[in-house]
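Coordinates from data_37.json are shown below (JSON, C-alpha atoms).
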```
[["chain", "number", "residue", "atom", "x", "y", "z"],
["A", 11, "MET", "CA", -43.72, -107.54, -131.44],
["A", 12, "PRO", "CA", -43.36, -104.72, -128.93],
["A", 13, "PHE", "CA", -40.27, -102.56, -128.88],
["A", 14, "SER", "CA", -38.69, -99.89, -126.70],
["A", 15, "HIS", "CA", -36.19, -97.23, -127.70],
["A", 16, "HIS", "CA", -35.37, -95.98, -124.19],
["A", 17, "SER", "CA", -33.97, -98.02, -121.30],
["A", 18, "HIS", "CA", -31.58, -97.86, -118.34],
["A", 19, "SER", "CA", -29.98, -100.33, -115.95],
["A", 20, "GLY", "CA", -28.74, -100.16, -112.39],
["A", 21, "GLU", "CA", -25.36, -101.33, -113.61],
["A", 22, "PHE", "CA", -24.71, -97.98, -115.29],
["A", 23, "CYS", "CA", -27.30, -95.62, -113.78],
["A", 24, "LEU", "CA", -27.49, -94.85, -110.06],
["A", 25, "HIS", "CA", -31.25, -94.26, -110.03],
["A", 26, "ALA", "CA", -32.00, -97.57, -111.77],
["A", 27, "LYS", "CA", -31.94, -101.25, -110.73],
["A", 28, "ASP", "CA", -30.82, -104.59, -112.18],
["A", 29, "THR", "CA", -28.03, -105.30, -114.63],
["A", 30, "LEU", "CA", -27.96, -104.58, -118.34],
["A", 31, "LYS", "CA", -28.17, -108.33, -118.94],
["A", 32, "ASP", "CA", -31.24, -108.51, -116.69],
["A", 33, "ILE", "CA", -32.98, -105.77, -118.67],
["A", 34, "ILE", "CA", -32.30, -107.52, -121.98],
["A", 35, "GLU", "CA", -33.48, -110.89, -120.69],
["A", 36, "ALA", "CA", -36.68, -109.30, -119.35],
["A", 37, "ALA", "CA", -37.33, -107.83, -122.81],
["A", 38, "ILE", "CA", -36.75, -111.22, -124.43],
["A", 39, "MET", "CA", -39.05, -112.93, -121.93],
["A", 40, "LYS", "CA", -41.81, -110.43, -122.75],
["A", 41, "GLY", "CA", -41.43, -110.96, -126.48],
["A", 42, "MET", "CA", -39.86, -107.67, -127.47],
["A", 43, "LYS", "CA", -38.56, -107.43, -131.02],
["A", 44, "VAL", "CA", -36.32, -104.36, -130.62],
["A", 45, "LEU", "CA", -34.69, -102.96, -127.50],
["A", 46, "ALA", "CA", -32.55, -99.83, -127.51],
["A", 47, "LEU", "CA", -30.00, -99.55, -124.72],
["A", 48, "THR", "CA", -29.74, -95.84, -123.91],
["A", 49, "GLU", "CA", -27.76, -95.16, -120.77],
["A", 50, "HIS", "CA", -27.20, -91.51, -119.88],
["A", 51, "MET", "CA", -24.27, -89.67, -121.38],
["A", 52, "PRO", "CA", -21.51, -88.59, -118.98],
["A", 53, "ARG", "CA", -21.49, -85.01, -117.76],
["A", 54, "ASP", "CA", -18.21, -83.09, -117.72],
["A", 55, "GLN", "CA", -18.89, -80.33, -115.17],
["A", 56, "PRO", "CA", -18.79, -80.92, -111.37],
["A", 57, "GLU", "CA", -21.83, -78.67, -110.90],
["A", 58, "ASP", "CA", -23.84, -81.04, -113.10],
["A", 59, "LEU", "CA", -23.47, -83.99, -110.73],
["A", 60, "TYR", "CA", -26.72, -85.00, -109.02],
["A", 61, "PRO", "CA", -27.02, -85.20, -105.22],
["A", 62, "GLU", "CA", -27.33, -89.00, -105.45],
["A", 63, "GLU", "CA", -23.96, -89.08, -107.21],
["A", 64, "VAL", "CA", -22.12, -86.72, -104.88],
["A", 65, "LEU", "CA", -23.60, -87.62, -101.49],
["A", 66, "ALA", "CA", -24.43, -91.30, -101.78],
["A", 67, "ALA", "CA", -21.77, -92.66, -104.10],
["A", 68, "GLU", "CA", -19.10, -89.95, -104.16],
["A", 69, "ILE", "CA", -19.09, -90.14, -107.94],
["A", 70, "THR", "CA", -16.87, -87.78, -109.94],
["A", 71, "ASN", "CA", -17.15, -86.69, -113.56],
["A", 72, "PHE", "CA", -14.22, -88.98, -114.33],
["A", 73, "ASP", "CA", -16.20, -91.89, -112.90],
["A", 74, "LEU", "CA", -19.10, -91.06, -115.22],
["A", 75, "TRP", "CA", -16.80, -91.20, -118.25],
["A", 76, "ARG", "CA", -15.30, -94.51, -117.14],
["A", 77, "MET", "CA", -18.76, -95.93, -116.47],
["A", 78, "PHE", "CA", -19.89, -94.85, -119.93],
["A", 79, "ALA", "CA", -16.94, -96.62, -121.58],
["A", 80, "ASP", "CA", -17.73, -99.75, -119.57],
["A", 81, "TYR", "CA", -21.37, -99.51, -120.65],
["A", 82, "TYR", "CA", -20.46, -99.32, -124.33],
["A", 83, "ALA", "CA", -18.22, -102.38, -124.12],
["A", 84, "ALA", "CA", -20.87, -104.35, -122.22],
["A", 85, "ALA", "CA", -23.63, -103.31, -124.63],
["A", 86, "LEU", "CA", -21.67, -104.47, -127.69],
["A", 87, "HIS", "CA", -20.95, -107.81, -126.03],
["A", 88, "LEU", "CA", -24.58, -108.35, -125.08],
["A", 89, "ARG", "CA", -25.83, -107.26, -128.50],
["A", 90, "ASP", "CA", -23.81, -110.07, -130.06],
["A", 91, "ARG", "CA", -24.68, -112.58, -127.36],
["A", 92, "TYR", "CA", -28.44, -112.13, -127.74],
["A", 93, "ALA", "CA", -28.55, -111.42, -131.49],
["A", 94, "GLU", "CA", -30.66, -114.49, -132.19],
["A", 95, "ASN", "CA", -33.23, -113.54, -129.57],
["A", 96, "ILE", "CA", -33.74, -109.79, -129.95],
["A", 97, "HIS", "CA", -32.61, -106.88, -132.10],
["A", 98, "ILE", "CA", -30.55, -104.71, -129.76],
["A", 99, "LEU", "CA", -29.67, -101.12, -130.62],
["A", 100, "VAL", "CA", -26.71, -99.66, -128.74],
["A", 101, "GLY", "CA", -27.30, -95.98, -128.06],
["A", 102, "PHE", "CA", -27.31, -93.32, -125.39],
["A", 103, "GLU", "CA", -29.55, -90.61, -123.99],
["A", 104, "ILE", "CA", -28.13, -87.16, -124.47],
["A", 105, "ASP", "CA", -28.61, -84.36, -121.98],
["A", 106, "TYR", "CA", -28.55, -80.85, -123.40],
["A", 107, "ILE", "CA", -27.60, -78.64, -120.43],
["A", 108, "ARG", "CA", -25.90, -75.69, -122.12],
["A", 109, "PRO", "CA", -24.52, -74.82, -125.58],
["A", 110, "SER", "CA", -21.20, -76.54, -124.79],
["A", 111, "SER", "CA", -23.14, -79.80, -124.38],
["A", 112, "VAL", "CA", -23.24, -80.03, -128.18],
["A", 113, "GLN", "CA", -19.47, -80.42, -128.48],
["A", 114, "LEU", "CA", -19.48, -83.06, -125.74],
["A", 115, "ILE", "CA", -22.19, -85.06, -127.49],
["A", 116, "GLN", "CA", -20.43, -84.80, -130.85],
["A", 117, "ARG", "CA", -17.23, -86.04, -129.23],
["A", 118, "LEU", "CA", -19.07, -89.09, -127.89],
["A", 119, "GLN", "CA", -20.45, -89.77, -131.36],
["A", 120, "GLN", "CA", -16.93, -89.64, -132.78],
["A", 121, "ASP", "CA", -15.39, -91.83, -130.08],
["A", 122, "TYR", "CA", -18.07, -94.54, -130.19],
["A", 123, "LYS", "CA", -20.08, -96.14, -133.00],
["A", 124, "PHE", "CA", -23.62, -95.86, -131.68],
["A", 125, "ASP", "CA", -26.72, -97.04, -133.47],
["A", 126, "LEU", "CA", -28.79, -94.11, -132.22],
["A", 127, "PHE", "CA", -29.14, -91.43, -129.59],
["A", 128, "ILE", "CA", -32.28, -90.03, -128.05],
["A", 129, "GLY", "CA", -32.65, -86.31, -127.46],
["A", 130, "SER", "CA", -33.50, -85.08, -123.97],
["A", 131, "VAL", "CA", -33.49, -81.91, -121.92],
["A", 132, "HIS", "CA", -33.34, -82.40, -118.15],
["A", 133, "HIS", "CA", -32.08, -78.94, -117.16],
["A", 134, "VAL", "CA", -33.09, -75.31, -117.47],
["A", 135, "ASN", "CA", -30.40, -72.73, -116.75],
["A", 136, "GLY", "CA", -28.20, -75.59, -115.56],
["A", 137, "ILE", "CA", -30.75, -76.71, -112.93],
["A", 138, "PRO", "CA", -32.42, -80.16, -113.11],
["A", 139, "ILE", "CA", -36.16, -79.98, -113.73],
["A", 140, "ASP", "CA", -37.04, -83.66, -113.16],
["A", 141, "PHE", "CA", -34.98, -84.62, -110.11],
["A", 142, "ASP", "CA", -37.25, -83.30, -107.36],
["A", 143, "LYS", "CA", -39.76, -80.54, -106.65],
["A", 144, "ASN", "CA", -37.23, -78.29, -104.91],
["A", 145, "MET", "CA", -34.91, -78.20, -107.90],
["A", 146, "TYR", "CA", -37.89, -77.67, -110.19],
["A", 147, "ILE", "CA", -38.85, -74.59, -108.14],
["A", 148, "GLU", "CA", -35.24, -73.39, -108.23],
["A", 149, "ALA", "CA", -35.27, -73.65, -112.02],
["A", 150, "GLN", "CA", -38.58, -71.80, -112.10],
["A", 151, "GLU", "CA", -37.16, -68.99, -109.98],
["A", 152, "SER", "CA", -34.16, -68.72, -112.31],
["A", 153, "CYS", "CA", -36.56, -67.97, -115.17],
["A", 154, "GLY", "CA", -38.47, -65.19, -113.45],
["A", 155, "GLY", "CA", -40.66, -67.10, -111.02],
["A", 156, "THR", "CA", -43.56, -68.36, -113.14],
["A", 157, "GLU", "CA", -44.16, -71.75, -114.66],
["A", 158, "GLU", "CA", -45.06, -70.15, -117.97],
["A", 159, "LEU", "CA", -41.60, -68.57, -118.19],
["A", 160, "LEU", "CA", -39.98, -71.85, -117.12],
["A", 161, "PHE", "CA", -41.82, -73.75, -119.87],
["A", 162, "GLN", "CA", -40.74, -71.16, -122.43],
["A", 163, "ALA", "CA", -37.10, -71.57, -121.38],
["A", 164, "TYR", "CA", -37.40, -75.37, -121.51],
["A", 165, "PHE", "CA", -38.79, -75.43, -125.04],
["A", 166, "ASP", "CA", -36.16, -72.90, -126.16],
["A", 167, "ALA", "CA", -33.41, -75.18, -124.81],
["A", 168, "GLN", "CA", -35.07, -78.12, -126.51],
["A", 169, "PHE", "CA", -35.13, -76.24, -129.81],
["A", 170, "GLU", "CA", -31.41, -75.51, -129.59],
["A", 171, "MET", "CA", -30.80, -79.21, -128.97],
["A", 172, "LEU", "CA", -32.96, -80.13, -131.96],
["A", 173, "VAL", "CA", -31.29, -77.69, -134.33],
["A", 174, "GLN", "CA", -27.75, -78.61, -133.33],
["A", 175, "LEU", "CA", -28.16, -82.39, -133.12],
["A", 176, "LYS", "CA", -31.37, -83.57, -134.84],
["A", 177, "PRO", "CA", -31.86, -86.62, -132.60],
["A", 178, "PRO", "CA", -33.49, -89.61, -134.34],
["A", 179, "ILE", "CA", -35.88, -89.95, -131.41],
["A", 180, "VAL", "CA", -37.03, -87.12, -129.14],
["A", 181, "ALA", "CA", -37.50, -88.43, -125.63],
["A", 182, "HIS", "CA", -40.28, -87.34, -123.23],
["A", 183, "PHE", "CA", -41.00, -84.16, -125.22],
["A", 184, "ASP", "CA", -42.82, -82.44, -122.33],
["A", 185, "LEU", "CA", -40.78, -83.70, -119.38],
["A", 186, "ILE", "CA", -40.98, -80.15, -118.00],
["A", 187, "ARG", "CA", -44.53, -80.97, -116.86],
["A", 188, "LEU", "CA", -43.44, -83.69, -114.40],
["A", 189, "PHE", "CA", -43.28, -81.57, -111.23],
["A", 190, "SER", "CA", -45.68, -78.89, -112.35],
["A", 191, "ASP", "CA", -48.74, -78.19, -110.20],
["A", 192, "ASN", "CA", -50.56, -77.89, -113.52],
["A", 193, "SER", "CA", -49.14, -80.92, -115.30],
["A", 194, "ASP", "CA", -52.37, -81.54, -117.19],
["A", 195, "LEU", "CA", -52.85, -77.93, -118.27],
["A", 196, "ASP", "CA", -53.54, -77.62, -122.00],
["A", 197, "LEU", "CA", -50.50, -75.67, -123.18],
["A", 198, "ARG", "CA", -52.60, -73.92, -125.79],
["A", 199, "LEU", "CA", -53.76, -71.73, -122.89],
["A", 200, "TRP", "CA", -50.23, -70.28, -122.78],
["A", 201, "PRO", "CA", -49.88, -68.79, -126.30],
["A", 202, "ARG", "CA", -46.17, -67.96, -126.03],
["A", 203, "VAL", "CA", -45.39, -71.46, -124.78],
["A", 204, "TRP", "CA", -47.57, -73.01, -127.47],
["A", 205, "GLU", "CA", -45.75, -71.08, -130.21],
["A", 206, "LYS", "CA", -42.52, -72.70, -129.08],
["A", 207, "VAL", "CA", -44.14, -76.14, -128.92],
["A", 208, "GLU", "CA", -45.44, -75.70, -132.48],
["A", 209, "ARG", "CA", -41.99, -74.57, -133.66],
["A", 210, "ASN", "CA", -40.27, -77.57, -132.08],
["A", 211, "VAL", "CA", -42.80, -80.10, -133.32],
["A", 212, "GLN", "CA", -42.59, -78.73, -136.87],
["A", 213, "TYR", "CA", -38.81, -78.90, -136.80],
["A", 214, "ILE", "CA", -38.81, -82.57, -135.77],
["A", 215, "VAL", "CA", -41.39, -83.40, -138.42],
["A", 216, "ASP", "CA", -39.33, -81.61, -141.09],
["A", 217, "TYR", "CA", -36.16, -83.61, -140.45],
["A", 218, "GLY", "CA", -38.07, -86.88, -139.99],
["A", 219, "GLY", "CA", -37.43, -87.58, -136.31],
["A", 220, "LEU", "CA", -39.63, -89.85, -134.23],
["A", 221, "PHE", "CA", -41.69, -88.70, -131.26],
["A", 222, "GLU", "CA", -41.45, -91.05, -128.32],
["A", 223, "LEU", "CA", -44.71, -92.08, -126.65],
["A", 224, "ASN", "CA", -43.17, -92.76, -123.25],
["A", 225, "SER", "CA", -45.08, -94.95, -120.80],
["A", 226, "ALA", "CA", -42.96, -93.94, -117.76],
["A", 227, "SER", "CA", -45.43, -91.16, -117.00],
["A", 228, "PHE", "CA", -48.11, -93.70, -116.05],
["A", 229, "ARG", "CA", -45.99, -95.07, -113.22],
["A", 230, "LYS", "CA", -45.47, -91.48, -112.06],
["A", 231, "GLY", "CA", -49.20, -90.98, -111.61],
["A", 232, "TRP", "CA", -50.23, -89.54, -114.98],
["A", 233, "ASN", "CA", -53.16, -90.79, -117.04],
["A", 234, "GLU", "CA", -51.38, -90.05, -120.34],
["A", 235, "PRO", "CA", -47.88, -90.67, -121.68],
["A", 236, "TYR", "CA", -45.21, -88.14, -122.48],
["A", 237, "PRO", "CA", -46.11, -86.12, -124.48],
["A", 238, "ARG", "CA", -49.65, -85.34, -123.35],
["A", 239, "ARG", "CA", -52.64, -85.25, -125.66],
["A", 240, "ASP", "CA", -52.41, -81.58, -126.66],
["A", 241, "ILE", "CA", -48.90, -82.06, -128.08],
["A", 242, "CYS", "CA", -49.75, -85.44, -129.61],
["A", 243, "GLU", "CA", -52.74, -83.97, -131.44],
["A", 244, "LEU", "CA", -50.54, -81.20, -132.80],
["A", 245, "THR", "CA", -47.86, -83.71, -133.85],
["A", 246, "LEU", "CA", -50.41, -85.90, -135.58],
["A", 247, "SER", "CA", -51.91, -82.92, -137.44],
["A", 248, "LYS", "CA", -48.45, -82.09, -138.82],
["A", 249, "GLY", "CA", -47.74, -85.63, -139.96],
["A", 250, "GLY", "CA", -45.36, -86.52, -137.13],
["A", 251, "ARG", "CA", -44.33, -90.12, -136.51],
["A", 252, "PHE", "CA", -44.52, -91.88, -133.15],
["A", 253, "THR", "CA", -42.67, -94.75, -131.50],
["A", 254, "PHE", "CA", -43.13, -96.62, -128.20],
["A", 255, "SER", "CA", -40.70, -96.51, -125.26],
["A", 256, "ASP", "CA", -40.98, -97.69, -121.67],
["A", 257, "ASP", "CA", -38.02, -95.68, -120.29],
["A", 258, "SER", "CA", -37.46, -98.68, -118.04],
["A", 259, "HIS", "CA", -35.13, -98.38, -115.05],
["A", 260, "GLU", "CA", -35.53, -101.97, -113.85],
["A", 261, "MET", "CA", -36.71, -105.35, -115.11],
["A", 262, "ALA", "CA", -40.25, -104.89, -113.80],
["A", 263, "GLN", "CA", -40.66, -101.73, -115.89],
["A", 264, "VAL", "CA", -39.81, -103.33, -119.24],
["A", 265, "GLY", "CA", -42.96, -103.00, -121.36],
["A", 266, "LEU", "CA", -44.86, -101.67, -118.34],
["A", 267, "ASN", "CA", -48.17, -99.92, -119.15],
["A", 268, "TYR", "CA", -47.85, -100.60, -122.88],
["A", 269, "HIS", "CA", -51.54, -101.46, -122.99],
["A", 270, "GLU", "CA", -52.12, -97.86, -121.86],
["A", 271, "LEU", "CA", -49.87, -96.61, -124.69],
["A", 272, "GLN", "CA", -51.77, -98.71, -127.20],
["A", 273, "GLN", "CA", -55.16, -97.44, -126.04],
["A", 274, "PHE", "CA", -53.94, -93.84, -125.94],
["A", 275, "ALA", "CA", -52.57, -94.10, -129.48],
["A", 276, "GLU", "CA", -55.86, -95.58, -130.70],
["A", 277, "SER", "CA", -57.84, -92.78, -129.04],
["A", 278, "LEU", "CA", -55.77, -90.24, -130.98],
["A", 279, "GLY", "CA", -56.40, -91.97, -134.29],
["A", 280, "ILE", "CA", -52.75, -92.95, -134.80],
["A", 281, "ASN", "CA", -52.57, -95.70, -137.39],
["A", 282, "LYS", "CA", -48.91, -96.66, -137.39],
["A", 283, "ILE", "CA", -46.19, -96.92, -134.78],
["A", 284, "HIS", "CA", -42.61, -96.72, -135.98],
["A", 285, "TYR", "CA", -39.46, -98.43, -134.78],
["A", 286, "LEU", "CA", -35.80, -98.62, -135.72],
["A", 287, "GLU", "CA", -33.56, -101.47, -136.78],
["A", 288, "ARG", "CA", -29.84, -101.27, -137.50],
["A", 289, "LEU", "CA", -29.05, -101.62, -141.19],
["A", 290, "PRO", "CA", -26.69, -104.49, -142.03],
["A", 291, "MET", "CA", -23.27, -103.45, -143.24],
["A", 292, "GLY", "CA", -23.32, -102.43, -146.89],
["A", 293, "ARG", "CA", -27.10, -102.08, -147.14],
["A", 294, "VAL", "CA", -28.90, -98.84, -147.89],
["A", 295, "ALA", "CA", -32.49, -97.74, -147.40],
["A", 296, "ILE", "CA", -34.57, -94.68, -148.22],
["A", 297, "ASP", "CA", -36.08, -94.03, -144.79],
["A", 298, "CYS", "CA", -33.15, -93.95, -142.37],
["A", 299, "LEU", "CA", -32.21, -92.15, -139.18],
["A", 300, "GLY", "CA", -28.47, -92.46, -138.83],
["A", 301, "PRO", "CA", -27.41, -96.09, -139.32],
["A", 302, "CYS", "CA", -30.94, -97.35, -138.62],
["A", 303, "GLN", "CA", -33.85, -97.96, -140.95],
["A", 304, "VAL", "CA", -37.30, -96.79, -139.95],
["A", 305, "HIS", "CA", -39.99, -99.49, -139.96],
["A", 306, "SER", "CA", -43.64, -99.31, -139.01],
["A", 307, "VAL", "CA", -46.40, -101.56, -137.78],
["A", 308, "THR", "CA", -50.10, -100.81, -137.63],
["A", 309, "LEU", "CA", -51.88, -100.59, -134.32],
["A", 310, "ALA", "CA", -54.20, -103.33, -135.55],
["A", 311, "GLU", "CA", -51.19, -105.62, -136.01],
["A", 312, "LEU", "CA", -49.85, -104.71, -132.57],
["A", 313, "ARG", "CA", -53.21, -105.50, -131.03],
["A", 314, "GLN", "CA", -52.93, -109.08, -132.32],
["A", 315, "ASP", "CA", -49.47, -109.60, -130.85],
["A", 316, "ASP", "CA", -49.33, -112.03, -127.92],
["A", 317, "PHE", "CA", -47.76, -109.35, -125.71],
["A", 318, "PHE", "CA", -50.72, -106.98, -126.09],
["A", 319, "LYS", "CA", -53.23, -109.82, -125.87],
["A", 320, "LEU", "CA", -51.74, -110.76, -122.49],
["A", 321, "CYS", "CA", -51.83, -107.11, -121.41],
["A", 322, "ALA", "CA", -55.53, -106.91, -122.26],
["A", 323, "LEU", "CA", -56.23, -110.20, -120.47],
["A", 324, "SER", "CA", -54.34, -109.28, -117.29],
["A", 325, "LYS", "CA", -56.20, -105.98, -117.11],
["A", 326, "HIS", "CA", -59.48, -107.87, -116.66],
["A", 327, "ILE", "CA", -58.25, -110.48, -114.18]]
```

Once more with this new file: its structure as structure tokens, please.
Amino acid sequence: MPFSHHSHSGEFCLHAKDTLKDIIEAAIMKGMKVLALTEHMPRDQPEDLYPEEVLAAEITNFDLWRMFADYYAAALHLRDRYAENIHILVGFEIDYIRPSSVQLIQRLQQDYKFDLFIGSVHHVNGIPIDFDKNMYIEAQESCGGTEELLFQAYFDAQFEMLVQLKPPIVAHFDLIRLFSDNSDLDLRLWPRVWEKVERNVQYIVDYGGLFELNSASFRKGWNEPYPRRDICELTLSKGGRFTFSDDSHEMAQVGLNYHELQQFAESLGINKIHYLERLPMGRVAIDCLGPCQVHSVTLAELRQDDFFKLCALSKHI
């Protein structure tokens, strides 16, 4: 009964492949119980367009808004179409770029009835930190020239996003590490950065949000998920709750490297993995994040699922 709370499709994301329908059918084929559709939110400033949008596709901000509306309509249709096969959550991935992003996100929440949103920071000082190395260096220079200062700015921006929006799921908590030359550095070696990490983790724990264990990092060459072990150990010590996500951008990435997630979680001593399901109309529950109820499954139960059994078998073939 695997699940993923973070996914994209080439139909509504230029750096992804395959249609939304393809992604859902891949999840069904692999035995997923819950799949959250979380295409990126539209951006409203021309300077926030990525090179791939401007140069390759000549996309405008208006196009992003129209694409987002088309995504929402398609997601609702597919949720109903595949309701007997998989529990689909219709959501979106937010992108906190600057303080005015909050009003934009709140407007989207008012205009659409989403099941969830996942909280992300992809920019520091308005500059993307996960697009390529050159932009990462540009963001670093905008913070004073050191990675330590860049990390501080990233976690400060993340904290503002957390305080203003309280996302049910926090996506790739330490995405700032992706293009770092020291991506595996224990952040406890940077005391001022670690103070901000501790602050952010505690805030998420206090409002009950879920920390995403994101397997996308494995396909990017890491040996651990987002977030890395230092942050996971801290989260666990504070009573934080984890979920699984593949952050898939094509059919082949659905559930990819979940055996690595499972083994990593076991090595940390995590006992339960949490997931969301939309509450039926008129029902209430004690443990909720927005319109979704929080459920959990033990790692021992996951290990017995056919999906993880096949993962373990294929690893030894």

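Between CA of Asn224 in chain A and CA of Thr253 in chain A lies a distance of 8.5 Å.
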
Within 8 Å of Asp240 in chain A using only C-alpha atoms, minus same-chain residues under 4 positions, as number ranges by chain
A: 196-198, 244

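In terms of minimum interatomic distance to Ser225 in chain A, A:His182 ranks closest within A:Arg187, A:His182, A:Arg53, A:Arg239, counting only C-alpha atoms.
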
For the point (-41.8, -81.4, -120.0) in file coordinates, what residues are within 9 Å, counting only C-alpha atoms? Give the answer as a PyMOL selection string?
chain A and resi 131-132+139-140+161+164-165+182-190+193+236-237

Store the residues of this selection in a file with C-alpha atoms, as a short mmCIF file (atom, residue, chain, number, x, y, z; two decimals), in the frame of the given file.
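Once everything was written out, this is part14.cif:
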```cif
data_model
loop_
_atom_site.label_atom_id
_atom_site.label_comp_id
_atom_site.auth_asym_id
_atom_site.auth_seq_id
_atom_site.Cartn_x
_atom_site.Cartn_y
_atom_site.Cartn_z
CA VAL A 131 -33.49 -81.91 -121.92
CA HIS A 132 -33.34 -82.40 -118.15
CA ILE A 139 -36.16 -79.98 -113.73
CA ASP A 140 -37.04 -83.66 -113.16
CA PHE A 161 -41.82 -73.75 -119.87
CA TYR A 164 -37.40 -75.37 -121.51
CA PHE A 165 -38.79 -75.43 -125.04
CA HIS A 182 -40.28 -87.34 -123.23
CA PHE A 183 -41.00 -84.16 -125.22
CA ASP A 184 -42.82 -82.44 -122.33
CA LEU A 185 -40.78 -83.70 -119.38
CA ILE A 186 -40.98 -80.15 -118.00
CA ARG A 187 -44.53 -80.97 -116.86
CA LEU A 188 -43.44 -83.69 -114.40
CA PHE A 189 -43.28 -81.57 -111.23
CA SER A 190 -45.68 -78.89 -112.35
CA SER A 193 -49.14 -80.92 -115.30
CA TYR A 236 -45.21 -88.14 -122.48
CA PRO A 237 -46.11 -86.12 -124.48
#
```

Computed interatomic separation between CA of His18 in chain A and CA of Ala310 in chain A (Å):
28.9 Å

Taking (-28.5, -95.5, -132.4) in the file's coordinates, which residues come within 8 Å, counting only C-alpha atoms, written as number ranges by chain?
A: 46, 99-102, 124-128, 178, 288, 300-302

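Minimum distance to Tyr146 in chain A across A:His133, A:His25, A:Lys176, A:Arg238 (counting all atoms listed in the file) occurs at A:His133.
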
Against range 35-44 of chain A, which residues of range 61-128 of chain A fall within 9 Å? For each one I want the closest pair of atoms and the distance in Å (one decimal), counting all atoms listed in the file, rows by chain and increasing residue number, as a Markdown table.
```
| residue | atom | partner | partner_atom | distance |
| --- | --- | --- | --- | --- |
| A:Tyr92 | CA | A:Glu35 | CA | 8.8 |
| A:Asn95 | CA | A:Ile38 | CA | 6.6 |
| A:Ile96 | CA | A:Lys43 | CA | 5.5 |
| A:His97 | CA | A:Val44 | CA | 4.7 |
| A:Ile98 | CA | A:Val44 | CA | 5.8 |
| A:Leu99 | CA | A:Val44 | CA | 7.4 |
```

When distances are computed from all atoms listed in the file, which of A:Ile147, A:Ile179, A:Leu74, A:Leu45 shows the smallest separation from Glu103 in chain A?
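Of the candidates, the smallest distance to Glu103 in chain A is held by A:Ile179.
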
What is the distance between CA of Arg117 in chain A and CA of Val207 in chain A, in Å to one decimal?
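Here the two named atoms are 28.7 Å from each other.
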
Ranking A:His16, A:Gln55, A:Arg293, A:Ala84 by minimum distance to Thr70 in chain A and counting only C-alpha atoms, which one comes first?
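Once distances to Thr70 in chain A are computed over only C-alpha atoms, the minimum belongs to A:Gln55.
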
May I ask which of the residues A:Leu118, A:Leu299, A:Val64, A:Ile283 is the closest one to Gly218 in chain A, counting all atoms listed in the file?
A:Leu299

Spatial neighbours of Val134 in chain A, 9 Å, all atoms listed in the file, chain gap at least 4 places, as a list of chain:residue names:
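The filter keeps A:Ile107, A:Arg108, A:Pro138, A:Ile139, A:Ala149, A:Gln150, A:Ser152, A:Cys153, A:Leu160, A:Ala163, A:Tyr164, A:Ala167.
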
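For Glu62 in chain A, the residues within 10 Å (counting all atoms listed in the file, excluding itself and residues fewer than 4 positions away along the chain) are Leu24, His25, Ala66, Ala67, Glu68, Ile69 and Phe141 of chain A.
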
Just the residues within 7 Å of Leu271 in chain A, please, counting only C-alpha atoms, with nothing from its chain fewer than 3 positions along; format it as a PyMOL selection string.
chain A and resi 225+235+267-268+274-275

Hey, can you spit out that residue selection with C-alpha atoms as a PDB file, in the frame of the given file?
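This went into again23.pdb:
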```
ATOM      1  CA  SER A 225     -45.080 -94.950-120.800  1.00  0.00           C
ATOM      2  CA  PRO A 235     -47.880 -90.670-121.680  1.00  0.00           C
ATOM      3  CA  ASN A 267     -48.170 -99.920-119.150  1.00  0.00           C
ATOM      4  CA  TYR A 268     -47.850-100.600-122.880  1.00  0.00           C
ATOM      5  CA  PHE A 274     -53.940 -93.840-125.940  1.00  0.00           C
ATOM      6  CA  ALA A 275     -52.570 -94.100-129.480  1.00  0.00           C
TER       7      ALA A 275
END
```

Distance query Ile214 in chain A at most 9 Å, only C-alpha atoms, self and fewer than 2 positions along chain excluded, as a PyMOL selection string:
chain A and resi 172+176-178+180+209-212+216-221+250

Listed atoms of range 244-252 of chain A, axis-aligned box, 4 Å per side: centre and edge lengths to one decimal in Å, as AutoDock Vina command-line options?
```
--center_x -48.1 --center_y -86.5 --center_z -136.4 --size_x 15.6 --size_y 18.7 --size_z 15.2
```

Quick one: of A:Ala226, A:Leu47, A:Met171, A:Ile34, who's nearest to Tyr82 in chain A, counting only C-alpha atoms?
A:Leu47

Start from the incomplete input, build N, CA and C atoms for range 262-268 of chain A, and deliver everything as a compact mmCIF listing (two decimals), keeping the file's coordinate frame.
```
# COMPACT_ATOMS: atom_id res chain seq x y z
N ALA A 262 -38.79 -104.92 -113.94
CA ALA A 262 -40.25 -104.89 -113.80
C ALA A 262 -40.89 -103.81 -114.66
N GLN A 263 -40.11 -102.83 -115.11
CA GLN A 263 -40.66 -101.73 -115.89
C GLN A 263 -40.55 -101.95 -117.40
N VAL A 264 -39.93 -103.05 -117.82
CA VAL A 264 -39.81 -103.33 -119.24
C VAL A 264 -41.20 -103.63 -119.82
N GLY A 265 -41.64 -102.82 -120.76
CA GLY A 265 -42.96 -103.00 -121.36
C GLY A 265 -44.11 -102.62 -120.44
N LEU A 266 -43.80 -102.00 -119.30
CA LEU A 266 -44.86 -101.67 -118.34
C LEU A 266 -45.80 -100.60 -118.90
N ASN A 267 -47.10 -100.85 -118.73
CA ASN A 267 -48.17 -99.92 -119.15
C ASN A 267 -48.23 -99.74 -120.67
N TYR A 268 -47.74 -100.71 -121.42
CA TYR A 268 -47.85 -100.60 -122.88
C TYR A 268 -49.29 -100.72 -123.37
```
